[in-house]
>>> print(open('model-v6.tsv').read())   # TSV, C-alpha atoms
chain	number	residue	atom	x	y	z
A	1	MET	CA	14.44	-32.12	6.96
A	2	HIS	CA	13.61	-28.71	8.40
A	3	THR	CA	9.84	-29.00	8.70
A	4	ARG	CA	10.01	-28.54	12.48
A	5	LYS	CA	11.73	-25.16	12.25
A	6	HIS	CA	9.32	-22.44	13.29
A	7	ILE	CA	9.58	-18.87	12.00
A	8	LEU	CA	7.65	-15.95	13.44
A	9	VAL	CA	6.89	-13.23	10.88
A	10	ILE	CA	6.02	-9.95	12.57
A	11	GLY	CA	3.87	-7.78	10.30
A	12	GLY	CA	1.14	-8.68	7.81
A	13	GLY	CA	1.73	-6.21	4.99
A	14	VAL	CA	2.83	-7.29	1.52
A	15	ALA	CA	6.40	-8.05	2.62
A	16	GLY	CA	5.33	-10.14	5.61
A	17	MET	CA	2.75	-12.07	3.59
A	18	GLU	CA	5.05	-12.73	0.63
A	19	SER	CA	7.91	-13.96	2.82
A	20	ALA	CA	5.54	-16.16	4.86
A	21	ILE	CA	4.19	-17.78	1.68
A	22	HIS	CA	7.67	-18.64	0.43
A	23	LEU	CA	8.84	-19.90	3.80
A	24	CYS	CA	5.80	-22.19	4.00
A	25	ASP	CA	6.50	-23.44	0.48
A	26	MET	CA	10.01	-24.37	1.62
A	27	GLY	CA	8.56	-26.54	4.37
A	28	TYR	CA	8.89	-24.30	7.41
A	29	GLU	CA	6.22	-23.75	10.03
A	30	VAL	CA	5.25	-20.08	9.96
A	31	THR	CA	3.21	-17.93	12.30
A	32	LEU	CA	2.36	-14.44	11.07
A	33	ILE	CA	1.52	-11.74	13.62
A	34	GLU	CA	-0.49	-8.67	12.56
A	35	LYS	CA	-1.67	-5.95	14.93
A	36	GLN	CA	-4.59	-4.84	12.73
A	37	ASP	CA	-7.80	-6.79	12.20
A	38	GLN	CA	-6.89	-7.76	8.63
A	39	LEU	CA	-3.87	-8.46	6.48
A	40	GLY	CA	-2.64	-6.13	3.78
A	41	GLY	CA	-1.05	-3.14	5.48
A	42	HIS	CA	-0.93	0.14	3.59
A	43	VAL	CA	-1.92	-1.44	0.28
A	44	LEU	CA	-5.47	-1.76	1.60
A	45	LYS	CA	-5.72	2.02	1.53
A	46	TRP	CA	-4.64	2.51	-2.08
A	47	ASP	CA	-6.94	2.64	-5.07
A	48	PHE	CA	-4.55	1.92	-7.93
A	49	LEU	CA	-0.82	1.51	-8.35
A	50	PHE	CA	1.90	3.08	-10.46
A	51	PRO	CA	3.07	2.90	-13.16
A	52	ASP	CA	0.38	0.77	-14.84
A	53	HIS	CA	-2.72	1.92	-12.88
A	54	ARG	CA	-3.32	-1.62	-11.62
A	55	PRO	CA	-6.02	-1.85	-8.93
A	56	ALA	CA	-4.34	-2.27	-5.55
A	57	TYR	CA	-6.86	-4.89	-4.42
A	58	GLU	CA	-5.41	-7.33	-6.98
A	59	ILE	CA	-2.26	-7.56	-4.85
A	60	THR	CA	-4.04	-8.32	-1.60
A	61	ASN	CA	-6.58	-10.58	-3.32
A	62	GLU	CA	-3.69	-12.80	-4.40
A	63	LEU	CA	-1.51	-12.67	-1.28
A	64	CYS	CA	-4.10	-12.85	1.50
A	65	PRO	CA	-5.76	-16.18	0.57
A	66	ALA	CA	-2.37	-17.76	-0.17
A	67	VAL	CA	-0.85	-16.89	3.20
A	68	GLU	CA	-4.05	-17.75	5.10
A	69	GLU	CA	-3.98	-21.21	3.54
A	70	LYS	CA	-0.34	-21.91	4.34
A	71	ALA	CA	0.57	-20.09	7.58
A	72	THR	CA	-0.92	-19.64	11.04
A	73	ILE	CA	-2.33	-16.12	11.19
A	74	LYS	CA	-2.86	-14.15	14.38
A	75	LEU	CA	-4.68	-10.85	13.86
A	76	GLN	CA	-5.09	-8.02	16.36
A	77	THR	CA	-2.02	-9.35	18.08
A	78	GLU	CA	1.28	-7.73	19.02
A	79	VAL	CA	4.58	-8.96	20.37
A	80	LYS	CA	4.98	-7.93	24.02
A	81	ASN	CA	8.33	-9.49	24.88
A	82	ILE	CA	11.09	-11.58	23.31
A	83	VAL	CA	13.75	-13.56	25.15
A	84	ARG	CA	16.49	-15.52	23.39
A	85	GLN	CA	17.06	-18.82	25.19
A	86	ASN	CA	19.05	-21.88	24.16
A	87	GLY	CA	19.20	-20.82	20.53
A	88	HIS	CA	15.44	-20.16	20.34
A	89	PHE	CA	13.19	-17.17	20.85
A	90	GLU	CA	10.55	-17.21	23.57
A	91	VAL	CA	7.90	-14.78	22.43
A	92	ALA	CA	5.07	-13.40	24.57
A	93	LEU	CA	2.07	-12.09	22.66
A	94	SER	CA	-0.54	-9.50	23.60
A	95	ASP	CA	-3.28	-12.17	23.83
A	96	GLY	CA	-1.33	-13.99	26.54
A	97	GLU	CA	-0.04	-16.79	24.29
A	98	LYS	CA	3.63	-17.74	24.34
A	99	LEU	CA	5.42	-19.08	21.28
A	100	THR	CA	8.83	-20.59	20.68
A	101	ALA	CA	10.44	-19.65	17.38
A	102	ASP	CA	13.70	-20.64	15.73
A	103	ALA	CA	13.92	-17.39	13.76
A	104	LEU	CA	12.20	-14.02	13.60
A	105	LEU	CA	11.44	-11.94	10.55
A	106	VAL	CA	10.66	-8.27	11.22
A	107	ALA	CA	8.23	-6.94	8.60
A	108	THR	CA	6.67	-4.12	10.58
A	109	GLY	CA	6.94	-1.58	7.76
A	110	PHE	CA	6.47	2.16	7.89
A	111	ASP	CA	4.13	4.92	8.97
A	112	LEU	CA	3.39	8.08	7.03
A	113	PHE	CA	4.93	11.31	8.26
A	114	ASP	CA	2.54	13.34	10.41
A	115	ALA	CA	1.76	16.40	8.30
A	116	HIS	CA	0.72	18.34	11.42
A	117	LYS	CA	4.45	18.75	12.12
A	118	LYS	CA	4.77	21.03	9.08
A	119	GLU	CA	2.57	23.79	10.49
A	120	GLU	CA	3.59	26.18	7.74
A	121	TYR	CA	1.69	24.02	5.23
A	122	GLY	CA	-1.58	24.40	7.12
A	123	TYR	CA	-2.57	20.76	7.56
A	124	GLY	CA	-5.12	20.47	10.37
A	125	ILE	CA	-5.53	24.26	10.24
A	126	TYR	CA	-7.15	24.76	6.85
A	127	ASP	CA	-9.87	22.41	5.62
A	128	ASN	CA	-8.63	22.46	2.04
A	129	VAL	CA	-5.18	21.10	2.87
A	130	ILE	CA	-5.19	17.29	2.76
A	131	THR	CA	-2.64	14.48	2.45
A	132	ALA	CA	-2.08	12.21	-0.53
A	133	ALA	CA	-3.33	9.29	1.58
A	134	GLU	CA	-6.62	11.12	2.16
A	135	LEU	CA	-6.95	11.88	-1.56
A	136	GLU	CA	-6.27	8.22	-2.37
A	137	GLU	CA	-9.05	7.25	0.04
A	138	ARG	CA	-11.43	9.47	-1.93
A	139	PHE	CA	-10.36	7.72	-5.14
A	140	GLN	CA	-10.81	4.30	-3.55
A	141	ASN	CA	-14.28	5.08	-2.21
A	142	LYS	CA	-15.37	6.82	-5.43
A	143	ILE	CA	-15.87	10.10	-3.56
A	144	PRO	CA	-15.91	13.11	-5.93
A	145	ILE	CA	-13.01	15.50	-5.51
A	146	ARG	CA	-14.45	18.59	-3.87
A	147	THR	CA	-13.36	21.41	-1.60
A	148	ALA	CA	-14.50	21.56	2.01
A	149	ALA	CA	-17.41	23.71	0.85
A	150	GLY	CA	-18.45	21.06	-1.67
A	151	LYS	CA	-17.27	22.89	-4.79
A	152	LYS	CA	-15.33	21.43	-7.70
A	153	PRO	CA	-11.77	22.71	-7.38
A	154	ALA	CA	-10.57	24.83	-10.30
A	155	ARG	CA	-6.95	24.51	-9.26
A	156	VAL	CA	-5.18	21.78	-7.26
A	157	GLY	CA	-1.61	21.85	-5.99
A	158	PHE	CA	0.59	18.90	-4.96
A	159	VAL	CA	3.50	19.46	-2.58
A	160	HIS	CA	6.32	16.92	-2.82
A	161	CYS	CA	8.74	15.89	-0.05
A	162	VAL	CA	6.58	16.65	2.98
A	163	GLY	CA	8.55	15.16	5.84
A	164	SER	CA	11.29	13.82	3.56
A	165	ARG	CA	14.62	15.41	2.62
A	166	ASP	CA	13.91	17.92	5.36
A	167	GLU	CA	16.52	18.73	7.99
A	168	LYS	CA	14.00	20.71	10.04
A	169	VAL	CA	12.03	17.56	10.90
A	170	GLY	CA	15.12	15.32	11.07
A	171	ASN	CA	14.32	13.29	7.95
A	172	GLU	CA	17.09	13.85	5.43
A	173	TYR	CA	16.38	10.77	3.33
A	174	CYS	CA	14.24	10.37	0.20
A	175	SER	CA	11.05	8.31	0.61
A	176	LYS	CA	11.38	7.13	-3.02
A	177	VAL	CA	7.70	6.86	-3.98
A	178	CYS	CA	6.36	10.37	-3.26
A	179	CYS	CA	7.25	11.86	-6.66
A	180	VAL	CA	5.62	9.12	-8.68
A	181	THR	CA	2.60	9.08	-6.35
A	182	ALA	CA	2.11	12.80	-6.95
A	183	VAL	CA	2.36	12.31	-10.71
A	184	LYS	CA	-0.11	9.42	-10.60
A	185	GLN	CA	-2.62	11.34	-8.48
A	186	ALA	CA	-2.23	14.54	-10.50
A	187	MET	CA	-3.17	12.62	-13.64
A	188	ARG	CA	-6.18	11.15	-11.86
A	189	VAL	CA	-7.37	14.59	-10.76
A	190	ARG	CA	-7.10	15.89	-14.32
A	191	GLU	CA	-9.00	12.86	-15.56
A	192	SER	CA	-11.74	13.35	-12.97
A	193	LEU	CA	-11.89	17.15	-13.40
A	194	PRO	CA	-11.00	17.95	-17.02
A	195	GLY	CA	-11.19	21.71	-16.53
A	196	CYS	CA	-9.03	21.75	-13.41
A	197	GLU	CA	-5.49	23.17	-13.41
A	198	VAL	CA	-3.03	20.92	-11.59
A	199	PHE	CA	0.41	21.94	-10.31
A	200	CYS	CA	3.19	19.88	-8.73
A	201	PHE	CA	5.62	21.77	-6.51
A	202	TYR	CA	8.81	19.73	-6.27
A	203	MET	CA	12.44	19.95	-5.14
A	204	ASP	CA	13.85	17.39	-7.57
A	205	LEU	CA	11.84	14.80	-9.45
A	206	ARG	CA	13.14	11.33	-8.65
A	207	MET	CA	11.42	9.07	-11.16
A	208	PHE	CA	13.80	6.16	-10.66
A	209	GLY	CA	11.62	3.14	-11.49
A	210	ARG	CA	10.89	1.46	-14.78
A	211	TYR	CA	8.24	3.39	-16.75
A	212	PHE	CA	8.16	6.15	-14.11
A	213	GLU	CA	9.69	8.65	-16.54
A	214	ASP	CA	7.04	7.68	-19.09
A	215	LEU	CA	4.39	8.47	-16.50
A	216	TYR	CA	5.94	11.87	-15.85
A	217	ARG	CA	5.98	12.65	-19.58
A	218	GLU	CA	2.37	11.50	-19.98
A	219	ALA	CA	1.31	13.75	-17.09
A	220	GLN	CA	2.66	16.76	-18.95
A	221	GLU	CA	1.89	15.92	-22.56
A	222	LYS	CA	-1.50	14.23	-22.23
A	223	TRP	CA	-2.94	15.67	-19.02
A	224	GLY	CA	-1.36	19.11	-18.88
A	225	VAL	CA	0.01	18.79	-15.34
A	226	GLN	CA	2.37	21.69	-14.64
A	227	PHE	CA	5.58	21.15	-12.66
A	228	ILE	CA	7.18	23.98	-10.70
A	229	ARG	CA	10.56	23.44	-9.07
A	230	GLY	CA	10.77	24.97	-5.62
A	231	ARG	CA	10.12	24.15	-1.97
A	232	LEU	CA	6.93	25.58	-0.51
A	233	SER	CA	7.68	28.09	2.23
A	234	GLU	CA	4.18	28.89	3.44
A	235	ALA	CA	0.50	28.18	2.90
A	236	ALA	CA	-2.27	30.46	4.16
A	237	GLU	CA	-6.02	30.73	3.68
A	238	ASP	CA	-7.80	33.67	2.08
A	239	ILE	CA	-11.34	34.91	2.74
A	240	ASP	CA	-12.77	32.43	0.19
A	241	GLN	CA	-10.99	29.47	1.85
A	242	ARG	CA	-8.57	29.17	-1.06
A	243	ILE	CA	-5.03	28.23	-0.12
A	244	ILE	CA	-2.37	30.81	-0.95
A	245	VAL	CA	1.00	29.13	-1.46
A	246	LYS	CA	4.33	30.93	-1.44
A	247	LEU	CA	7.53	29.48	-2.87
A	248	GLU	CA	10.52	30.38	-4.97
A	249	ASP	CA	10.46	29.12	-8.53
A	250	THR	CA	14.11	28.06	-8.63
A	251	LEU	CA	14.13	27.50	-12.38
A	252	ALA	CA	12.73	30.95	-13.16
A	253	GLY	CA	14.69	32.50	-10.29
A	254	ARG	CA	11.75	34.44	-8.85
A	255	PRO	CA	9.29	34.20	-5.95
A	256	LEU	CA	5.88	32.76	-6.73
A	257	ARG	CA	2.53	33.30	-5.05
A	258	MET	CA	-0.45	31.24	-6.18
A	259	ALA	CA	-3.97	30.44	-5.01
A	260	VAL	CA	-5.24	26.84	-5.17
A	261	ASP	CA	-8.60	25.43	-4.14
A	262	LEU	CA	-7.12	22.19	-2.78
A	263	LEU	CA	-3.57	21.53	-1.58
A	264	VAL	CA	-2.35	17.92	-1.39
A	265	LEU	CA	0.69	17.04	0.75
A	266	LEU	CA	2.84	14.08	-0.30
A	267	THR	CA	3.89	12.79	3.12
A	268	GLY	CA	6.92	10.52	3.19
A	269	PHE	CA	7.84	7.34	5.06
A	270	VAL	CA	8.97	7.17	8.66
A	271	PRO	CA	9.74	4.02	10.69
A	272	SER	CA	6.53	2.56	12.07
A	273	GLU	CA	5.85	2.36	15.77
A	274	GLY	CA	6.14	-1.42	15.43
A	275	THR	CA	9.53	-1.13	13.74
A	276	ARG	CA	10.81	1.10	16.52
A	277	ARG	CA	9.51	-1.32	19.16
A	278	MET	CA	11.10	-4.34	17.51
A	279	ALA	CA	14.42	-2.54	17.17
A	280	THR	CA	14.40	-1.67	20.87
A	281	MET	CA	13.18	-5.11	21.98
A	282	LEU	CA	15.78	-6.99	19.92
A	283	ASN	CA	18.59	-4.45	20.26
A	284	LEU	CA	18.78	-3.99	16.49
A	285	PRO	CA	20.99	-1.20	15.11
A	286	LEU	CA	19.35	1.66	13.25
A	287	GLY	CA	20.65	3.66	10.31
A	288	ASN	CA	20.81	7.45	10.19
A	289	ASP	CA	17.25	7.32	8.87
A	290	ARG	CA	16.14	5.39	12.00
A	291	PHE	CA	15.03	2.36	9.96
A	292	ILE	CA	16.55	-1.01	10.87
A	293	LYS	CA	20.11	-1.32	9.60
A	294	PRO	CA	20.97	-4.66	7.91
A	295	SER	CA	24.28	-6.44	8.35
A	296	ASP	CA	25.43	-5.47	4.86
A	297	GLU	CA	23.63	-3.06	2.52
A	298	HIS	CA	24.78	-4.94	-0.57
A	299	LEU	CA	25.31	-8.60	0.30
A	300	ARG	CA	23.08	-9.27	3.33
A	301	ARG	CA	20.22	-6.78	3.24
A	302	ASN	CA	17.85	-9.09	5.11
A	303	LEU	CA	20.27	-10.18	7.81
A	304	THR	CA	20.69	-8.32	11.09
A	305	PRO	CA	23.63	-8.54	13.53
A	306	VAL	CA	21.40	-10.50	15.92
A	307	PRO	CA	21.59	-14.23	15.04
A	308	GLY	CA	18.25	-15.57	13.92
A	309	VAL	CA	16.66	-12.15	13.40
A	310	PHE	CA	15.93	-10.97	9.85
A	311	VAL	CA	14.32	-7.89	8.35
A	312	THR	CA	12.33	-7.27	5.19
A	313	GLY	CA	10.34	-4.60	3.39
A	314	ALA	CA	10.00	-1.03	4.61
A	315	SER	CA	11.23	-1.91	8.10
A	316	ALA	CA	14.69	-1.43	6.60
A	317	GLY	CA	13.88	1.73	4.65
A	318	PRO	CA	11.46	3.16	2.09
A	319	ARG	CA	10.38	0.60	-0.53
A	320	SER	CA	7.82	0.49	-3.30
A	321	ILE	CA	5.36	-2.42	-3.32
A	322	SER	CA	7.28	-4.30	-6.00
A	323	GLU	CA	10.55	-3.77	-4.14
A	324	SER	CA	8.98	-5.00	-0.90
A	325	ILE	CA	7.74	-8.18	-2.58
A	326	SER	CA	11.14	-8.89	-4.14
A	327	ASP	CA	12.85	-8.18	-0.83
A	328	ALA	CA	10.46	-10.55	0.96
A	329	ARG	CA	11.41	-13.39	-1.37
A	330	ALA	CA	15.08	-12.65	-0.75
A	331	ALA	CA	14.46	-12.70	3.01
A	332	ALA	CA	12.89	-16.17	2.79
A	333	LEU	CA	15.97	-17.47	0.96
A	334	GLU	CA	18.28	-15.77	3.47
A	335	ILE	CA	16.49	-17.50	6.36
A	336	ALA	CA	16.72	-20.88	4.64
A	337	ALA	CA	20.44	-20.36	4.00
A	338	TRP	CA	20.97	-19.41	7.64
A	339	PHE	CA	19.23	-22.58	8.87
A	340	ASN	CA	21.29	-24.65	6.45
A	341	ASN	CA	24.56	-23.11	7.60
A	342	SER	CA	23.58	-23.47	11.25
A	343	SER	CA	22.84	-27.17	10.85
A	344	GLN	CA	26.14	-27.73	9.06
A	345	HIS	CA	28.05	-26.01	11.84
A	346	ALA	CA	26.18	-28.10	14.40
A	347	ILE	CA	27.48	-31.26	12.69
>>> encode(input="model-v6.tsv", output="C-alpha cells")
Amino acid sequence: MHTRKHILVIGGGVAGMESAIHLCDMGYEVTLIEKQDQLGGHVLKWDFLFPDHRPAYEITNELCPAVEEKATIKLQTEVKNIVRQNGHFEVALSDGEKLTADALLVATGFDLFDAHKKEEYGYGIYDNVITAAELEERFQNKIPIRTAAGKKPARVGFVHCVGSRDEKVGNEYCSKVCCVTAVKQAMRVRESLPGCEVFCFYMDLRMFGRYFEDLYREAQEKWGVQFIRGRLSEAAEDIDQRIIVKLEDTLAGRPLRMAVDLLVLLTGFVPSEGTRRMATMLNLPLGNDRFIKPSDEHLRRNLTPVPGVFVTGASAGPRSISESISDARAAALEIAAWFNNSSQHAI
C-alpha cells in the first residue's frame, strides 16, 4: 500500500489540479500549494477557448471542486525553502508551516511576456495599444470593444509573436497558442463589430492543433479577417489617436503603412517567477528557452534529474490547456511508477 506517501504539488493551475486529482485517486496523500487566493491559474482570465468556443469556466468548474474534495489545498501560500533529507523533502512554507513530502511536482506554469519590453509597439505609451489578455478580459466581463476615447473601432489589428520567436528579447521559441488565440479573438471582434475591418499581422501561421486550420479558414471565409505576412517594425500614434503601423508585406514584397483604431499584441509565454524560483531552489536544469528541462524530451517528459522531483504543464514549456491536462495525467502516472520502482529497489 502507498497511502502514506505524501506528494506536494506546487501550483494550482489546470495542470496542478488535474495531476493532484489523479494522484489522490491512486491513493496518495496530496497537498496542493497555490500562491493566489483561488485555484485556476490563467484559465480564470479567459472567456472562451479554441477551437470550439467552449466557455473557459467549464474547465475550472469541473476541476476546482474535484481537487478541493480530494486534496489538501493551501491558498495564498508559497514555498520558501526545500531541503532533501533521508529520502524526503522538508518544505518550509510562507505561512510558517513545515511539511514533509516524499515527492514534489512542479506545476508553476508560465507568465505572459511583458509587452512594455517591445517599446516600438507602443504598449504603455499609446492608450489604443492593448494585449490579447486585456482584450480577453473585456470579452469575459462583457465590456464593449471601444477605443480609449469610447468610440467603436473601425479597424483593429492583431500582432502575432510579441515576445516569441524574437532574438532581440532573447525568446527564440514559439509559444504555440498565440496564432490560434489571435484567430479566435479576431473572429470575436468581427462578430461583436460587424462593420469593423480586422487584420492579423503574422510571421508564420502555426495552426498545429486539431481543428485549428478549420478555425483559420472560417476566420477568412465567414468573418472576413485579413491576414498579412510580415513582422511589425513600428507603431506610432497620429493626431486622432489612431495607431499607425509599419511593416513589410513579405508576400507582396513591399512596405506597408496602415492606420488602425485598436492594436492588440499577442504576448507569448515566458517561465513564471515561480518556475524560476523552483528551478533555482531545486537545482533543476533549464532548456535554452529557460523552462525546466525534463530528463528525456520523448520518454520521460515529467521526470527531472533530481530524484523525487517531477514537472508538469507549462513549467516545462508552452502548452495549450488540453496539452497541460494530458501532461498532468502523465505526470501522475510517472510519479506512481517512480514510487513503485523505488519500493522494489528497497526490497
>>> closest_residue(input="model-v6.tsv", among="A:Pro51, A:Gly122, A:Gly287, A:Gly163", to="Met207 (chain A)", atoms="all atoms listed in the file")
A:Pro51
>>> closest_residue(input="model-v6.tsv", among="A:Val260, A:Val83, A:Ala235, A:Ala20", to="Glu119 (chain A)", atoms="all atoms listed in the file")
A:Ala235
>>> residues_around(input="model-v6.tsv", residues="Tyr123 (chain A)", least_positions_apart="3", cutoff="12 Å", atoms="only C-alpha atoms", output="PDB file with C-alpha atoms, in the frame of the given file")
ATOM      1  CA  ASP A 114       2.540  13.340  10.410  1.00  0.00           C
ATOM      2  CA  ALA A 115       1.760  16.400   8.300  1.00  0.00           C
ATOM      3  CA  HIS A 116       0.720  18.340  11.420  1.00  0.00           C
ATOM      4  CA  LYS A 117       4.450  18.750  12.120  1.00  0.00           C
ATOM      5  CA  LYS A 118       4.770  21.030   9.080  1.00  0.00           C
ATOM      6  CA  GLU A 119       2.570  23.790  10.490  1.00  0.00           C
ATOM      7  CA  GLU A 120       3.590  26.180   7.740  1.00  0.00           C
ATOM      8  CA  TYR A 126      -7.150  24.760   6.850  1.00  0.00           C
ATOM      9  CA  ASP A 127      -9.870  22.410   5.620  1.00  0.00           C
ATOM     10  CA  ASN A 128      -8.630  22.460   2.040  1.00  0.00           C
ATOM     11  CA  VAL A 129      -5.180  21.100   2.870  1.00  0.00           C
ATOM     12  CA  ILE A 130      -5.190  17.290   2.760  1.00  0.00           C
ATOM     13  CA  THR A 131      -2.640  14.480   2.450  1.00  0.00           C
ATOM     14  CA  ALA A 132      -2.080  12.210  -0.530  1.00  0.00           C
ATOM     15  CA  GLU A 134      -6.620  11.120   2.160  1.00  0.00           C
ATOM     16  CA  VAL A 159       3.500  19.460  -2.580  1.00  0.00           C
ATOM     17  CA  VAL A 162       6.580  16.650   2.980  1.00  0.00           C
ATOM     18  CA  GLU A 234       4.180  28.890   3.440  1.00  0.00           C
ATOM     19  CA  ALA A 235       0.500  28.180   2.900  1.00  0.00           C
ATOM     20  CA  ALA A 236      -2.270  30.460   4.160  1.00  0.00           C
ATOM     21  CA  GLU A 237      -6.020  30.730   3.680  1.00  0.00           C
ATOM     22  CA  ILE A 243      -5.030  28.230  -0.120  1.00  0.00           C
ATOM     23  CA  LEU A 262      -7.120  22.190  -2.780  1.00  0.00           C
ATOM     24  CA  LEU A 263      -3.570  21.530  -1.580  1.00  0.00           C
ATOM     25  CA  VAL A 264      -2.350  17.920  -1.390  1.00  0.00           C
ATOM     26  CA  LEU A 265       0.690  17.040   0.750  1.00  0.00           C
ATOM     27  CA  LEU A 266       2.840  14.080  -0.300  1.00  0.00           C
ATOM     28  CA  THR A 267       3.890  12.790   3.120  1.00  0.00           C
TER      29      THR A 267
END
>>> closest_residue(input="model-v6.tsv", among="A:Ala66, A:Lys184, A:Gly268, A:Glu334", to="Arg54 (chain A)", atoms="all atoms listed in the file")
A:Lys184
>>> atom_distance(input="model-v6.tsv", atom1="CA of Arg138 (chain A)", atom2="CA of Asp47 (chain A)")
8.8 Å
>>> atom_distance(input="model-v6.tsv", atom1="CA of Ala182 (chain A)", atom2="CA of Ile325 (chain A)")
22.2 Å
>>> closest_residue(input="model-v6.tsv", among="A:Leu251, A:Ala149, A:Ala337, A:Ile73", to="Gly12 (chain A)", atoms="all atoms listed in the file")
A:Ile73
